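**Q** File name coords38.csv; file contents CSV, C-alpha atoms and all ligand atoms; full text below.
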```csv
chain,number,residue,atom,x,y,z
A,4,MET,CA,-6.3,8.2,10.2
A,5,ASN,CA,-2.8,9.1,11.4
A,6,ILE,CA,0.3,8.8,9.3
A,7,TYR,CA,3.8,8.3,10.6
A,8,LYS,CA,5.4,9.7,7.4
A,9,TYR,CA,5.0,9.8,3.6
A,10,ASP,CA,7.6,9.1,1.0
A,11,ILE,CA,8.1,8.6,-2.8
A,12,VAL,CA,8.9,5.0,-3.4
A,13,PHE,CA,9.9,3.1,-6.6
A,14,GLN,CA,9.7,-0.6,-6.0
A,15,GLU,CA,6.6,-1.3,-3.9
A,16,VAL,CA,4.2,-1.2,-6.8
A,17,PRO,CA,5.8,-2.5,-10.0
A,18,ASP,CA,6.0,-0.1,-12.9
A,19,HIS,CA,4.8,2.8,-10.8
A,20,VAL,CA,6.3,5.7,-8.8
A,21,SER,CA,4.2,5.8,-5.7
A,22,LEU,CA,3.4,8.4,-3.1
A,23,ALA,CA,3.4,6.1,0.0
A,24,PHE,CA,1.7,6.9,3.3
A,25,TYR,CA,2.8,5.0,6.3
A,26,VAL,CA,-0.4,4.7,8.3
A,27,CYS,CA,-0.2,4.4,12.2
A,28,GLY,CA,-2.0,1.9,14.4
A,29,CYS,CA,-1.3,-1.5,12.9
A,30,PRO,CA,-2.8,-4.0,15.4
A,31,LEU,CA,-1.2,-7.1,13.9
A,32,LYS,CA,2.2,-6.8,15.5
A,33,CYS,CA,3.9,-9.4,13.4
A,34,PRO,CA,7.1,-10.7,15.1
A,35,GLY,CA,10.0,-9.1,13.3
A,36,CYS,CA,7.9,-6.2,11.8
A,37,HIS,CA,10.2,-3.8,9.9
A,38,SER,CA,8.1,-0.8,11.0
A,39,PRO,CA,7.1,-1.2,14.7
A,40,GLU,CA,6.8,2.6,14.8
A,41,LEU,CA,3.4,2.0,13.0
A,42,TRP,CA,2.0,-0.1,15.9
A,43,THR,CA,0.7,2.9,17.8
A,44,GLU,CA,-1.4,5.8,16.5
A,45,LYS,CA,0.1,8.2,19.0
A,46,THR,CA,3.2,8.8,17.0
A,47,GLY,CA,1.3,10.0,13.9
A,48,THR,CA,-0.3,13.1,12.5
A,49,PRO,CA,-3.7,13.1,10.9
A,50,LEU,CA,-4.0,12.6,7.1
A,51,THR,CA,-6.8,14.8,5.7
A,52,THR,CA,-8.2,15.0,2.1
A,53,GLU,CA,-6.8,18.5,2.0
A,54,LEU,CA,-3.2,17.3,2.8
A,55,LEU,CA,-3.6,14.4,0.4
A,56,GLN,CA,-4.7,16.7,-2.4
A,57,GLN,CA,-1.9,19.1,-1.6
A,58,LEU,CA,0.7,16.4,-1.9
A,59,ILE,CA,-0.8,15.0,-5.1
A,60,THR,CA,-0.7,18.5,-6.6
A,61,ARG,CA,2.9,18.9,-5.4
A,62,TYR,CA,4.1,15.6,-7.0
A,63,ARG,CA,1.8,15.7,-10.1
A,64,GLY,CA,3.6,14.4,-13.2
A,65,ARG,CA,6.1,12.5,-11.0
A,66,ILE,CA,3.9,9.9,-9.4
A,67,THR,CA,1.5,7.4,-11.0
A,68,CYS,CA,0.2,5.7,-7.8
A,69,VAL,CA,-0.7,6.3,-4.2
A,70,LEU,CA,0.1,3.5,-1.8
A,71,PHE,CA,-1.1,3.0,1.8
A,72,LEU,CA,0.9,0.8,4.2
A,73,GLY,CA,0.0,-0.3,7.7
A,74,GLY,CA,-3.2,0.8,9.5
A,75,GLU,CA,-5.7,0.4,6.7
A,76,TRP,CA,-8.7,-0.5,8.9
A,77,HIS,CA,-9.9,3.2,9.1
A,78,GLU,CA,-12.0,2.0,6.2
A,79,ALA,CA,-14.4,4.9,5.6
A,80,GLU,CA,-11.5,7.4,5.6
A,81,LEU,CA,-9.4,5.2,3.4
A,82,CYS,CA,-12.2,4.8,0.9
A,83,GLN,CA,-12.6,8.6,0.7
A,84,PHE,CA,-8.8,9.0,0.1
A,85,LEU,CA,-8.9,6.3,-2.6
A,86,LYS,CA,-11.6,8.3,-4.4
A,87,VAL,CA,-9.5,11.4,-4.3
A,88,CYS,CA,-6.6,9.5,-5.8
A,89,HIS,CA,-8.7,8.1,-8.7
A,90,HIS,CA,-10.3,11.5,-9.2
A,91,ASN,CA,-6.7,12.7,-9.8
A,92,HIS,CA,-6.1,9.9,-12.3
A,93,LEU,CA,-3.7,8.0,-10.0
A,94,HIS,CA,-3.6,4.3,-9.4
A,95,THR,CA,-4.2,3.1,-5.8
A,96,ALA,CA,-2.5,0.4,-3.8
A,97,LEU,CA,-2.8,-1.1,-0.3
A,98,TYR,CA,-0.3,-3.2,1.7
A,99,THR,CA,-2.0,-5.1,4.5
A,100,GLY,CA,-1.0,-7.8,6.9
A,101,LEU,CA,-4.6,-9.1,6.7
A,102,THR,CA,-5.4,-11.9,4.3
A,103,GLU,CA,-8.5,-10.3,2.9
A,104,VAL,CA,-10.2,-6.9,2.8
A,105,SER,CA,-13.8,-5.7,2.4
A,106,VAL,CA,-15.5,-5.5,-1.0
A,107,ARG,CA,-15.9,-1.8,-0.4
A,108,LEU,CA,-12.1,-1.4,-0.2
A,109,LEU,CA,-11.5,-3.7,-3.1
A,110,GLU,CA,-13.6,-1.4,-5.3
A,111,GLY,CA,-11.3,1.5,-4.6
A,112,LEU,CA,-8.1,-0.3,-5.1
A,113,ASP,CA,-6.0,-1.2,-8.2
A,114,TYR,CA,-3.3,-3.2,-6.4
A,115,LEU,CA,-3.4,-5.1,-3.1
A,116,LYS,CA,-0.7,-6.9,-1.1
A,117,THR,CA,-2.1,-9.2,1.5
A,118,GLY,CA,-0.5,-11.4,4.3
A,119,PRO,CA,1.3,-10.8,7.5
A,120,TRP,CA,5.1,-10.7,7.7
A,121,VAL,CA,6.5,-14.1,8.5
A,122,ARG,CA,10.3,-14.0,8.8
A,123,ALA,CA,10.8,-17.7,8.0
A,124,LEU,CA,8.8,-17.4,4.7
A,125,GLY,CA,10.2,-14.0,3.6
A,126,GLY,CA,8.6,-11.1,1.8
A,127,LEU,CA,7.5,-10.7,-1.8
A,128,ASP,CA,11.0,-11.2,-3.1
A,129,SER,CA,11.1,-14.7,-1.6
A,130,PRO,CA,9.6,-17.7,-3.5
A,131,THR,CA,8.4,-19.2,-0.3
A,132,THR,CA,6.5,-16.1,0.9
A,133,ASN,CA,2.9,-16.2,2.3
A,134,GLN,CA,2.3,-12.7,1.0
A,135,VAL,CA,0.4,-12.1,-2.3
A,136,PHE,CA,0.6,-9.0,-4.5
A,137,ARG,CA,-2.3,-8.8,-6.9
A,138,ASP,CA,-3.4,-6.5,-9.7
A,139,LEU,CA,-7.1,-6.2,-8.9
A,140,ARG,CA,-8.0,-5.0,-12.3
A,141,THR,CA,-6.9,-8.2,-14.0
A,142,GLY,CA,-6.9,-10.6,-10.9
A,143,LYS,CA,-3.3,-11.6,-11.7
A,144,ILE,CA,-0.8,-12.3,-9.0
A,145,LEU,CA,2.3,-10.3,-9.7
A,146,ASN,CA,4.7,-11.8,-7.0
A,147,HIS,CA,7.1,-12.9,-9.8
A,148,LEU,CA,7.9,-9.2,-10.5
A,149,PHE,CA,9.4,-8.9,-7.1
A,150,GLN,CA,11.4,-12.1,-7.4
A,151,HIS,CA,14.6,-11.7,-9.4
A,152,ASN,CA,15.7,-14.6,-11.6
A,153,THR,CA,12.3,-16.3,-11.4
A,154,LYS,CA,9.9,-16.7,-14.2
A,155,GLU,CA,6.1,-15.9,-14.3
A,156,PRO,CA,4.3,-18.9,-12.9
A,157,SER,CA,2.1,-20.7,-15.4
A,158,LEU,CA,-1.5,-20.7,-14.4
A,201,LIG,S1,1.1,-5.9,9.1
A,201,LIG,FE1,3.0,-4.8,8.4
A,201,LIG,S2,3.1,-3.0,9.7
A,201,LIG,FE2,1.6,-4.4,10.7
A,201,LIG,S3,2.9,-5.5,12.2
A,201,LIG,FE3,2.8,-6.8,10.3
A,201,LIG,S4,4.7,-6.2,9.2
A,201,LIG,FE4,4.3,-4.6,10.8
```
Could you render the structure from this file as structure tokens?
**A**
Amino acid sequence: MNIYKYDIVFQEVPDHVSLAFYVCGCPLKCPGCHSPELWTEKTGTPLTTELLQQLITRYRGRITCVLFLGGEWHEAELCQFLKVCHHNHLHTALYTGLTEVSVRLLEGLDYLKTGPWVRALGGLDSPTTNQVFRDLRTGKILNHLFQHNTKEPSL
């Protein structure tokens, strides 16, 4: 699994500081994609469990979650990485343009954002978005946390 870059991000997973990996090779090619550099795997460098562990050790105490964005369909590898994160007592999150993922992946994740980018509908901060951000531990949809000046929807 190749990554284009990694970064520390503050808003992608509510209430968490996340080590985010931008995974290469996204096949979805959503029109208007904000990260077309992720469409090909050729621009990336391999992520290994050793590198992941190295980075977790480097940022220990400063991060609470590890987030994967983009090319999540390298499922076996991703599941292995998620185990390493949990072993280090970190939460796990995945942003995918797909509308669903396998049970195997769900078992390794705490948070999941699903849905392709559709410019007319907007992202998680838009009330009309098609995308869904879910806390998989509770099953709750947390889109309201991204939408300023909106209240939690009643169920
Ligand atoms: S799923 Fe995300 S990374 Fe992939 S094309 Fe769509 S917006 Fe871009």
**Q** In terms of the shortest atom-to-atom distance over only C-alpha atoms and all ligand atoms, which of A:Gln14, A:Thr102, A:Thr95, A:Thr48 is closest to ligand LIG 201 (chain A)?
**A**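 Checking each candidate against ligand LIG 201 (chain A), we get A:Thr102 as the closest.
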**Q** Let me make sure I understand: among A:Val20, A:Leu93, A:Leu41, A:Leu109, which one has the smallest atom-to-atom distance to ligand LIG 201 (chain A) if we use only C-alpha atoms and all ligand atoms?
**A** A:Leu41
**Q** Name each residue within 9 Å of ligand LIG 201 (chain A), counting all atoms listed in the file, as a PyMOL selection string.
**A** chain A and resi 25-42+72-74+98-101+117-121
**Q** Mind pulling up the distance from CA of Leu115 in chain A to CA of Asp138 in chain A?
**A** 6.7 Å
**Q** Write out as a VMD selection string the residues lying within 9 Å of Leu55 in chain A, counting only C-alpha atoms and excluding same-chain residues fewer than 3 positions away.
**A** chain A and resid 50 to 52 58 to 60 84 87 to 88
**Q** Within 10 Å of Ala123 in chain A, counting all atoms listed in the file, which residues qualify if same-chain residues fewer than 3 places away don't, as a ChimeraX atom specification?
**A** /A:120,126,131-133
**Q** Using only C-alpha atoms, which residues sit within 6 Å of Ser21 in chain A once same-chain residues fewer than 3 positions away are excluded, as a list in words?
**A**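 In the requested format, the answer is Ile11, Val12, Ile66, Cys68 and Val69 of chain A.
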**Q** Considering all atoms listed in the file, state which residue in the set A:Arg140, A:Gly64, A:Ala23, A:Asn146 is at the smallest distance from Leu97 in chain A.
**A** A:Ala23
**Q** Can you work out the spacing between CA of His147 in chain A and CA of Phe24 in chain A in Å, to one decimal?
**A**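 So the answer is 24.3 Å.
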**Q** Residues around (-14.9, 0.1, 8.6), cut-off 12 Å, counting only C-alpha atoms - what are they as a PyMOL selection string?
**A** chain A and resi 4+74-83+104-108
**Q** Kindly export the residues of the current selection with C-alpha atoms, as a PDB file, in the coordinates of the input.
**A**
```pdb
ATOM      1  CA  MET A   4      -6.300   8.200  10.200  1.00  0.00           C
ATOM      2  CA  GLY A  74      -3.200   0.800   9.500  1.00  0.00           C
ATOM      3  CA  GLU A  75      -5.700   0.400   6.700  1.00  0.00           C
ATOM      4  CA  TRP A  76      -8.700  -0.500   8.900  1.00  0.00           C
ATOM      5  CA  HIS A  77      -9.900   3.200   9.100  1.00  0.00           C
ATOM      6  CA  GLU A  78     -12.000   2.000   6.200  1.00  0.00           C
ATOM      7  CA  ALA A  79     -14.400   4.900   5.600  1.00  0.00           C
ATOM      8  CA  GLU A  80     -11.500   7.400   5.600  1.00  0.00           C
ATOM      9  CA  LEU A  81      -9.400   5.200   3.400  1.00  0.00           C
ATOM     10  CA  CYS A  82     -12.200   4.800   0.900  1.00  0.00           C
ATOM     11  CA  GLN A  83     -12.600   8.600   0.700  1.00  0.00           C
ATOM     12  CA  VAL A 104     -10.200  -6.900   2.800  1.00  0.00           C
ATOM     13  CA  SER A 105     -13.800  -5.700   2.400  1.00  0.00           C
ATOM     14  CA  VAL A 106     -15.500  -5.500  -1.000  1.00  0.00           C
ATOM     15  CA  ARG A 107     -15.900  -1.800  -0.400  1.00  0.00           C
ATOM     16  CA  LEU A 108     -12.100  -1.400  -0.200  1.00  0.00           C
TER      17      LEU A 108
END
```
**Q** Can you tell me how far CA of Pro130 in chain A sits from CA of Tyr114 in chain A, in Å to one decimal?
**A**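 Answer for the CA of Pro130 in chain A to CA of Tyr114 in chain A separation: 19.6 Å.
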**Q** Which is closest to Thr46 in chain A among A:Pro17, A:Asn5, A:Phe71, A:His90, if we use all atoms listed in the file?
**A**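 Closest to Thr46 in chain A of all the choices is A:Asn5.
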**Q** Using all atoms listed in the file, find the one residue out of A:Glu53, A:Glu103, A:Tyr62, A:Glu15 that sits nearest to Phe149 in chain A.
**A**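 Selected residue with least distance to Phe149 in chain A: A:Glu15.
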**Q** Considering all atoms listed in the file, can you say which of A:Leu22, A:His92, A:Tyr7, A:Arg137 comes closest to Arg61 in chain A?
**A**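 Residue with the minimum atom-to-atom distance to Arg61 in chain A: A:Leu22.
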